[in-house]
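Asker: File follows, query.pdb with PDB, C-alpha atoms, pLDDT in the B column:
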```pdb
ATOM      1  CA  VAL A 550     118.622 149.500 141.530  1.00 96.00           C
ATOM      2  CA  ILE A 551     122.131 148.655 142.697  1.00 95.00           C
ATOM      3  CA  MET A 552     124.060 146.167 140.578  1.00 93.00           C
ATOM      4  CA  ALA A 553     126.162 144.141 143.013  1.00 89.00           C
ATOM      5  CA  GLY A 554     127.014 140.965 141.133  1.00 75.00           C
ATOM      6  CA  GLY A 555     130.769 141.371 140.715  1.00 65.00           C
ATOM      7  CA  SER A 556     132.740 138.186 141.286  1.00 56.00           C
ATOM      8  CA  GLY A 557     135.806 139.629 143.005  1.00 52.00           C
ATOM      9  CA  THR A 558     138.461 139.015 140.349  1.00 54.00           C
ATOM     10  CA  ARG A 559     139.900 142.526 139.984  1.00 59.00           C
ATOM     11  CA  PHE A 560     141.123 143.103 143.553  1.00 53.00           C
ATOM     12  CA  TRP A 561     142.262 139.546 144.227  1.00 50.00           C
ATOM     13  CA  PRO A 562     143.438 138.418 146.748  1.00 54.00           C
ATOM     14  CA  PHE A 563     141.847 141.162 148.876  1.00 55.00           C
ATOM     15  CA  SER A 564     138.600 140.659 146.965  1.00 55.00           C
ATOM     16  CA  THR A 565     137.594 137.042 146.408  1.00 54.00           C
ATOM     17  CA  GLN A 566     134.781 135.179 144.703  1.00 63.00           C
ATOM     18  CA  SER A 567     133.158 134.444 148.069  1.00 60.00           C
ATOM     19  CA  ASN A 568     133.538 138.032 149.286  1.00 68.00           C
ATOM     20  CA  PRO A 569     134.017 140.457 146.348  1.00 73.00           C
ATOM     21  CA  LYS A 570     135.031 144.097 146.607  1.00 80.00           C
ATOM     22  CA  GLN A 571     131.521 145.591 146.750  1.00 87.00           C
ATOM     23  CA  PHE A 572     131.135 144.040 150.213  1.00 85.00           C
ATOM     24  CA  HIS A 573     134.431 145.459 151.536  1.00 84.00           C
ATOM     25  CA  GLN A 574     135.122 148.774 153.257  1.00 84.00           C
ATOM     26  CA  LEU A 575     137.535 150.515 150.908  1.00 79.00           C
ATOM     27  CA  PHE A 576     136.424 154.153 151.242  1.00 79.00           C
ATOM     28  CA  GLY A 577     134.313 155.982 153.796  1.00 74.00           C
ATOM     29  CA  ARG A 578     132.415 154.582 156.743  1.00 84.00           C
ATOM     30  CA  GLY A 579     130.838 151.523 155.186  1.00 92.00           C
ATOM     31  CA  THR A 580     131.331 148.945 152.499  1.00 93.00           C
ATOM     32  CA  MET A 581     131.061 149.990 148.867  1.00 93.00           C
ATOM     33  CA  LEU A 582     127.512 148.614 148.752  1.00 94.00           C
ATOM     34  CA  GLN A 583     126.520 150.436 151.946  1.00 95.00           C
ATOM     35  CA  ASN A 584     128.058 153.681 150.728  1.00 94.00           C
ATOM     36  CA  THR A 585     126.150 153.409 147.435  1.00 94.00           C
ATOM     37  CA  ALA A 586     122.834 152.992 149.252  1.00 94.00           C
ATOM     38  CA  GLU A 587     123.610 155.792 151.710  1.00 93.00           C
ATOM     39  CA  ARG A 588     124.730 158.138 148.928  1.00 93.00           C
ATOM     40  CA  ILE A 589     121.259 158.124 147.349  1.00 94.00           C
ATOM     41  CA  SER A 590     119.286 158.244 150.602  1.00 92.00           C
ATOM     42  CA  GLY A 591     118.497 161.927 150.039  1.00 90.00           C
ATOM     43  CA  LEU A 592     116.542 160.918 146.948  1.00 92.00           C
ATOM     44  CA  ILE A 593     115.596 157.258 147.401  1.00 92.00           C
ATOM     45  CA  SER A 594     114.593 155.666 150.710  1.00 89.00           C
ATOM     46  CA  GLN A 595     116.329 152.478 151.810  1.00 87.00           C
ATOM     47  CA  GLN A 596     113.023 150.593 151.481  1.00 90.00           C
ATOM     48  CA  GLN A 597     112.992 151.518 147.786  1.00 92.00           C
ATOM     49  CA  VAL A 598     116.489 150.224 147.132  1.00 94.00           C
ATOM     50  CA  MET A 599     116.610 147.081 144.998  1.00 95.00           C
ATOM     51  CA  VAL A 600     119.840 145.095 144.781  1.00 95.00           C
ATOM     52  CA  VAL A 601     120.508 142.620 141.987  1.00 94.00           C
ATOM     53  CA  THR A 602     123.344 140.292 142.910  1.00 92.00           C
ATOM     54  CA  ASN A 603     124.522 136.723 142.569  1.00 89.00           C
ATOM     55  CA  ASP A 604     122.415 134.095 144.339  1.00 90.00           C
ATOM     56  CA  SER A 605     125.323 133.302 146.630  1.00 88.00           C
ATOM     57  CA  TYR A 606     125.573 136.925 147.852  1.00 92.00           C
ATOM     58  CA  THR A 607     121.951 137.605 148.880  1.00 93.00           C
ATOM     59  CA  ASN A 608     122.657 136.877 152.561  1.00 94.00           C
ATOM     60  CA  ILE A 609     125.607 139.277 152.557  1.00 94.00           C
ATOM     61  CA  VAL A 610     123.432 141.998 150.983  1.00 95.00           C
ATOM     62  CA  ALA A 611     120.723 141.439 153.616  1.00 95.00           C
ATOM     63  CA  GLU A 612     123.303 141.719 156.405  1.00 95.00           C
ATOM     64  CA  GLN A 613     124.851 144.880 155.018  1.00 95.00           C
ATOM     65  CA  LEU A 614     121.524 146.567 154.146  1.00 95.00           C
ATOM     66  CA  PRO A 615     119.239 145.488 157.002  1.00 94.00           C
ATOM     67  CA  VAL A 616     116.594 148.115 156.149  1.00 91.00           C
ATOM     68  CA  ALA A 617     116.239 146.872 152.567  1.00 91.00           C
ATOM     69  CA  LEU A 618     113.121 144.810 151.909  1.00 91.00           C
ATOM     70  CA  SER A 619     113.813 141.110 151.337  1.00 91.00           C
ATOM     71  CA  LYS A 620     111.692 141.167 148.165  1.00 92.00           C
ATOM     72  CA  ASN A 621     114.066 143.817 146.795  1.00 94.00           C
ATOM     73  CA  ILE A 622     117.182 141.636 147.081  1.00 94.00           C
ATOM     74  CA  ILE A 623     117.291 139.717 143.820  1.00 93.00           C
ATOM     75  CA  GLY A 624     119.675 136.804 143.371  1.00 91.00           C
ATOM     76  CA  GLU A 625     120.715 135.800 139.855  1.00 84.00           C
ATOM     77  CA  PRO A 626     121.409 132.066 139.525  1.00 82.00           C
ATOM     78  CA  VAL A 627     124.077 132.733 136.890  1.00 73.00           C
ATOM     79  CA  ALA A 628     126.230 135.852 136.664  1.00 69.00           C
ATOM     80  CA  LYS A 629     125.287 137.886 133.588  1.00 68.00           C
ATOM     81  CA  ASN A 630     126.093 141.357 132.299  1.00 73.00           C
ATOM     82  CA  THR A 631     124.210 144.622 132.766  1.00 82.00           C
ATOM     83  CA  ALA A 632     121.335 144.005 130.335  1.00 86.00           C
ATOM     84  CA  PRO A 633     119.765 140.963 132.087  1.00 85.00           C
ATOM     85  CA  CYS A 634     120.221 142.689 135.457  1.00 88.00           C
ATOM     86  CA  VAL A 635     118.365 145.773 134.224  1.00 90.00           C
ATOM     87  CA  ALA A 636     115.676 143.683 132.536  1.00 91.00           C
ATOM     88  CA  ILE A 637     114.714 141.683 135.618  1.00 91.00           C
ATOM     89  CA  ALA A 638     114.745 144.776 137.841  1.00 93.00           C
ATOM     90  CA  ALA A 639     112.628 146.745 135.347  1.00 94.00           C
ATOM     91  CA  ALA A 640     110.066 143.957 135.070  1.00 95.00           C
ATOM     92  CA  LEU A 641     109.747 143.682 138.856  1.00 94.00           C
ATOM     93  CA  LEU A 642     109.515 147.443 139.346  1.00 94.00           C
ATOM     94  CA  GLU A 643     106.938 147.931 136.614  1.00 93.00           C
ATOM     95  CA  HIS A 644     104.824 145.219 138.228  1.00 93.00           C
ATOM     96  CA  GLN A 645     104.977 147.119 141.532  1.00 91.00           C
ATOM     97  CA  ASP A 646     104.431 150.550 139.935  1.00 92.00           C
ATOM     98  CA  PRO A 647     103.769 151.097 136.200  1.00 91.00           C
ATOM     99  CA  ASP A 648     105.213 154.631 136.511  1.00 93.00           C
ATOM    100  CA  ALA A 649     108.347 153.595 138.396  1.00 94.00           C
ATOM    101  CA  VAL A 650     111.572 155.453 137.552  1.00 95.00           C
ATOM    102  CA  MET A 651     114.740 153.372 137.877  1.00 95.00           C
ATOM    103  CA  VAL A 652     118.094 154.760 138.961  1.00 96.00           C
ATOM    104  CA  VAL A 653     120.619 152.072 137.988  1.00 96.00           C
ATOM    105  CA  LEU A 654     123.942 152.231 139.850  1.00 96.00           C
ATOM    106  CA  PRO A 655     126.973 149.929 140.162  1.00 93.00           C
ATOM    107  CA  ALA A 656     127.777 148.988 143.753  1.00 91.00           C
ATOM    108  CA  ASP A 657     131.513 149.611 143.403  1.00 88.00           C
ATOM    109  CA  HIS A 658     131.820 153.307 142.545  1.00 90.00           C
ATOM    110  CA  HIS A 659     133.694 155.758 144.754  1.00 89.00           C
ATOM    111  CA  ILE A 660     132.196 159.258 144.520  1.00 91.00           C
ATOM    112  CA  THR A 661     134.013 162.080 146.281  1.00 90.00           C
ATOM    113  CA  ARG A 662     131.294 164.757 145.905  1.00 92.00           C
ATOM    114  CA  PRO A 663     128.054 163.024 146.970  1.00 90.00           C
ATOM    115  CA  GLU A 664     126.028 166.250 147.219  1.00 93.00           C
ATOM    116  CA  ALA A 665     126.846 167.240 143.635  1.00 93.00           C
ATOM    117  CA  PHE A 666     126.169 163.678 142.503  1.00 95.00           C
ATOM    118  CA  LEU A 667     122.729 163.750 144.130  1.00 94.00           C
ATOM    119  CA  GLU A 668     121.895 166.961 142.261  1.00 93.00           C
ATOM    120  CA  VAL A 669     122.844 165.284 138.979  1.00 94.00           C
ATOM    121  CA  LEU A 670     120.592 162.338 139.834  1.00 95.00           C
ATOM    122  CA  LYS A 671     117.689 164.674 140.589  1.00 93.00           C
ATOM    123  CA  VAL A 672     118.037 166.285 137.161  1.00 92.00           C
ATOM    124  CA  ALA A 673     118.189 162.857 135.519  1.00 94.00           C
ATOM    125  CA  VAL A 674     115.099 161.644 137.382  1.00 94.00           C
ATOM    126  CA  ASN A 675     113.127 164.725 136.344  1.00 92.00           C
ATOM    127  CA  VAL A 676     114.008 164.075 132.700  1.00 91.00           C
ATOM    128  CA  ALA A 677     113.195 160.363 132.957  1.00 93.00           C
ATOM    129  CA  LYS A 678     109.833 161.017 134.625  1.00 91.00           C
ATOM    130  CA  LYS A 679     108.572 162.506 131.383  1.00 86.00           C
ATOM    131  CA  GLY A 680     108.765 158.990 130.016  1.00 73.00           C
ATOM    132  CA  GLU A 681     110.348 159.734 126.651  1.00 81.00           C
ATOM    133  CA  ASP A 682     114.069 159.499 127.324  1.00 89.00           C
ATOM    134  CA  LEU A 683     116.581 156.958 128.552  1.00 94.00           C
ATOM    135  CA  VAL A 684     119.133 158.942 130.552  1.00 95.00           C
ATOM    136  CA  THR A 685     122.774 157.992 130.969  1.00 96.00           C
ATOM    137  CA  ILE A 686     125.243 159.847 133.166  1.00 96.00           C
ATOM    138  CA  GLY A 687     128.542 160.933 131.648  1.00 96.00           C
ATOM    139  CA  ILE A 688     131.638 162.172 133.462  1.00 95.00           C
ATOM    140  CA  GLN A 689     133.658 165.098 132.112  1.00 94.00           C
ATOM    141  CA  PRO A 690     137.057 163.556 131.329  1.00 96.00           C
ATOM    142  CA  SER A 691     140.142 165.116 132.883  1.00 95.00           C
ATOM    143  CA  PHE A 692     142.678 163.090 130.899  1.00 96.00           C
ATOM    144  CA  ALA A 693     142.843 160.688 127.950  1.00 97.00           C
ATOM    145  CA  GLU A 694     141.687 157.487 129.633  1.00 96.00           C
ATOM    146  CA  THR A 695     141.777 154.294 127.558  1.00 96.00           C
ATOM    147  CA  GLY A 696     140.109 152.081 130.167  1.00 95.00           C
ATOM    148  CA  PHE A 697     136.627 153.612 129.905  1.00 95.00           C
ATOM    149  CA  GLY A 698     133.972 153.678 127.238  1.00 97.00           C
ATOM    150  CA  TYR A 699     132.879 157.143 126.091  1.00 98.00           C
ATOM    151  CA  ILE A 700     129.598 158.898 125.324  1.00 98.00           C
ATOM    152  CA  GLU A 701     129.528 161.307 122.397  1.00 97.00           C
ATOM    153  CA  ALA A 702     127.054 164.068 123.250  1.00 95.00           C
ATOM    154  CA  ASP A 703     125.391 166.549 120.917  1.00 92.00           C
ATOM    155  CA  THR A 704     126.334 169.581 123.002  1.00 87.00           C
ATOM    156  CA  LYS A 705     125.417 171.973 120.182  1.00 82.00           C
ATOM    157  CA  GLY A 706     122.029 170.457 119.453  1.00 66.00           C
ATOM    158  CA  LEU A 707     118.621 171.542 120.671  1.00 57.00           C
ATOM    159  CA  ASN A 708     118.187 170.846 124.371  1.00 62.00           C
ATOM    160  CA  ALA A 709     114.494 170.227 124.855  1.00 57.00           C
ATOM    161  CA  ASN A 710     114.842 169.479 128.566  1.00 62.00           C
ATOM    162  CA  GLY A 711     115.653 173.026 129.647  1.00 62.00           C
ATOM    163  CA  ASP A 712     118.774 172.096 131.617  1.00 67.00           C
ATOM    164  CA  GLN A 713     122.248 172.980 130.354  1.00 70.00           C
ATOM    165  CA  ARG A 714     123.627 169.698 131.738  1.00 81.00           C
ATOM    166  CA  VAL A 715     121.321 167.506 129.620  1.00 90.00           C
ATOM    167  CA  PHE A 716     122.301 166.669 126.032  1.00 91.00           C
ATOM    168  CA  PRO A 717     121.161 164.213 123.373  1.00 91.00           C
ATOM    169  CA  VAL A 718     123.483 161.239 122.895  1.00 94.00           C
ATOM    170  CA  LYS A 719     125.003 160.895 119.425  1.00 94.00           C
ATOM    171  CA  ALA A 720     126.909 157.652 119.981  1.00 97.00           C
ATOM    172  CA  PHE A 721     128.461 155.301 122.510  1.00 97.00           C
ATOM    173  CA  LYS A 722     132.144 154.573 121.937  1.00 97.00           C
ATOM    174  CA  GLU A 723     134.054 151.503 123.059  1.00 97.00           C
ATOM    175  CA  LYS A 724     137.288 151.807 125.048  1.00 97.00           C
ATOM    176  CA  PRO A 725     139.644 153.720 122.725  1.00 97.00           C
ATOM    177  CA  ASN A 726     143.346 153.541 122.066  1.00 97.00           C
ATOM    178  CA  LEU A 727     145.448 156.433 123.373  1.00 97.00           C
ATOM    179  CA  LYS A 728     145.343 158.466 120.156  1.00 97.00           C
ATOM    180  CA  THR A 729     141.546 158.229 119.968  1.00 98.00           C
ATOM    181  CA  ALA A 730     141.185 159.031 123.677  1.00 98.00           C
ATOM    182  CA  GLU A 731     143.294 162.162 123.164  1.00 98.00           C
ATOM    183  CA  TYR A 732     141.017 163.152 120.275  1.00 98.00           C
ATOM    184  CA  PHE A 733     137.935 162.634 122.448  1.00 98.00           C
ATOM    185  CA  LEU A 734     139.460 164.841 125.146  1.00 97.00           C
ATOM    186  CA  GLU A 735     140.254 167.630 122.654  1.00 97.00           C
ATOM    187  CA  GLN A 736     136.730 167.667 121.222  1.00 96.00           C
ATOM    188  CA  GLY A 737     135.053 168.548 124.499  1.00 94.00           C
ATOM    189  CA  ASN A 738     131.793 166.711 123.814  1.00 95.00           C
ATOM    190  CA  TYR A 739     132.931 163.208 124.801  1.00 97.00           C
ATOM    191  CA  PHE A 740     132.248 161.974 128.315  1.00 97.00           C
ATOM    192  CA  TRP A 741     133.382 158.915 130.249  1.00 97.00           C
ATOM    193  CA  ASN A 742     130.580 156.369 130.364  1.00 96.00           C
ATOM    194  CA  SER A 743     129.836 155.959 134.072  1.00 95.00           C
ATOM    195  CA  GLY A 744     127.583 152.920 133.699  1.00 93.00           C
ATOM    196  CA  MET A 745     124.837 154.785 135.581  1.00 95.00           C
ATOM    197  CA  PHE A 746     121.387 155.099 134.036  1.00 96.00           C
ATOM    198  CA  VAL A 747     117.989 156.616 134.831  1.00 96.00           C
ATOM    199  CA  TRP A 748     114.750 155.744 133.045  1.00 95.00           C
ATOM    200  CA  LYS A 749     111.168 154.643 133.454  1.00 94.00           C
ATOM    201  CA  ALA A 750     110.982 150.899 133.907  1.00 94.00           C
ATOM    202  CA  SER A 751     108.205 150.739 131.299  1.00 93.00           C
ATOM    203  CA  LYS A 752     110.293 152.699 128.790  1.00 93.00           C
ATOM    204  CA  VAL A 753     113.403 150.520 129.008  1.00 93.00           C
ATOM    205  CA  LEU A 754     111.277 147.379 128.683  1.00 91.00           C
ATOM    206  CA  GLN A 755     110.032 148.695 125.354  1.00 89.00           C
ATOM    207  CA  GLU A 756     113.553 148.999 123.978  1.00 80.00           C
TER     208      GLU A 756
END
```
What does the file become when written as structure tokens?
Answerer:
Amino acid sequence: VIMAGGSGTRFWPFSTQSNPKQFHQLFGRGTMLQNTAERISGLISQQQVMVVTNDSYTNIVAEQLPVALSKNIIGEPVAKNTAPCVAIAAALLEHQDPDAVMVVLPADHHITRPEAFLEVLKVAVNVAKKGEDLVTIGIQPSFAETGFGYIEADTKGLNANGDQRVFPVKAFKEKPNLKTAEYFLEQGNYFWNSGMFVWKASKVLQE
């Protein structure tokens, strides 16, 4: 599930409300939306890609992802935040397949190591397939960033999933001030919240 509903305010005037940044070529060979779909093609076929976007952008999505199925391009009549986007996608996917596993990705991320990223996704999918856990992907911080939310992980707790990269989440932290961000960095068990999630559609609908 690719979330592509951004309204183009951050990169104005290059990115506009009628043609926001996710539909522009900023990095790589394609637009940000195209690169997101291509990045996961080693794990998820283009026919399995679902895009949730604003109603006014569905034609742009169809043009940029011609292999995507029309039923998998979902237009929201009113721009909302992540939760409604996830909810509608989960409901549709569970209807198609009660055991469906969702990989939820923003359309506007730039990832410089796609092979490593795909390996992380594979681990997350394997955990989510068991049906008990909601998986979120954290990024190891390299500096005290105040513009991101953070995930506090229990890196010393029991890891029941058998993979050293998978940890229980203790808490989600809002964007910190500089002093708090420096503390998070020093602790070593705080990760940038990437806004990427993996879970069974049926499981997230229960939450």
Asker: With distances taken over only C-alpha atoms, which of A:Ala649, A:Leu641, A:Met552, A:Leu582 is nearest to Asn603 in chain A?
Answerer: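 Residue with the minimum atom-to-atom distance to Asn603 in chain A: A:Met552.
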Asker: Enumerate, as an MDAnalysis selection string, the residues matched when the PyMOL selection byres ((chain A and resi 680-689) around 6) is run on the file above.
Answerer: chainID A and resid 677:679 690 740:743 745:748
Asker: Quick one: which residues end up in the PyMOL selection byres ((chain A and resi 663) around 12) for this structure, as an mmCIF file with C-alpha atoms, in the coordinates of the input?
Answerer:
```cif
data_model
loop_
_atom_site.group_PDB
_atom_site.id
_atom_site.type_symbol
_atom_site.label_atom_id
_atom_site.label_comp_id
_atom_site.auth_asym_id
_atom_site.auth_seq_id
_atom_site.Cartn_x
_atom_site.Cartn_y
_atom_site.Cartn_z
ATOM 1 C CA GLY A 577 134.313 155.982 153.796
ATOM 2 C CA ASN A 584 128.058 153.681 150.728
ATOM 3 C CA THR A 585 126.150 153.409 147.435
ATOM 4 C CA ALA A 586 122.834 152.992 149.252
ATOM 5 C CA GLU A 587 123.610 155.792 151.710
ATOM 6 C CA ARG A 588 124.730 158.138 148.928
ATOM 7 C CA ILE A 589 121.259 158.124 147.349
ATOM 8 C CA SER A 590 119.286 158.244 150.602
ATOM 9 C CA GLY A 591 118.497 161.927 150.039
ATOM 10 C CA LEU A 592 116.542 160.918 146.948
ATOM 11 C CA HIS A 658 131.820 153.307 142.545
ATOM 12 C CA HIS A 659 133.694 155.758 144.754
ATOM 13 C CA ILE A 660 132.196 159.258 144.520
ATOM 14 C CA THR A 661 134.013 162.080 146.281
ATOM 15 C CA ARG A 662 131.294 164.757 145.905
ATOM 16 C CA GLU A 664 126.028 166.250 147.219
ATOM 17 C CA ALA A 665 126.846 167.240 143.635
ATOM 18 C CA PHE A 666 126.169 163.678 142.503
ATOM 19 C CA LEU A 667 122.729 163.750 144.130
ATOM 20 C CA GLU A 668 121.895 166.961 142.261
ATOM 21 C CA VAL A 669 122.844 165.284 138.979
ATOM 22 C CA LEU A 670 120.592 162.338 139.834
#
```
Asker: Do you know which residues the PyMOL selection byres ((chain A and resi 655) around 8) returns on this file, as a count of residues only?
Answerer: 10
Asker: Work out how far CA of Glu701 in chain A is from CA of Thr729 in chain A, in Å to one decimal.
Answerer: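 The value is 12.6 Å.
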Asker: Find the residue from A:Asn675, A:Ser751, A:Ser619, A:Thr580 that sits nearest to Gln596 in chain A; use all atoms listed in the file when measuring.
Answerer: A:Ser619
Asker: For the atom pair CA of Ala693 in chain A and CA of Met581 in chain A, what is the interatomic distance in Å to one decimal place?
Answerer: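 Computing the Euclidean distance for CA of Ala693 in chain A and CA of Met581 in chain A yields 26.3 Å.
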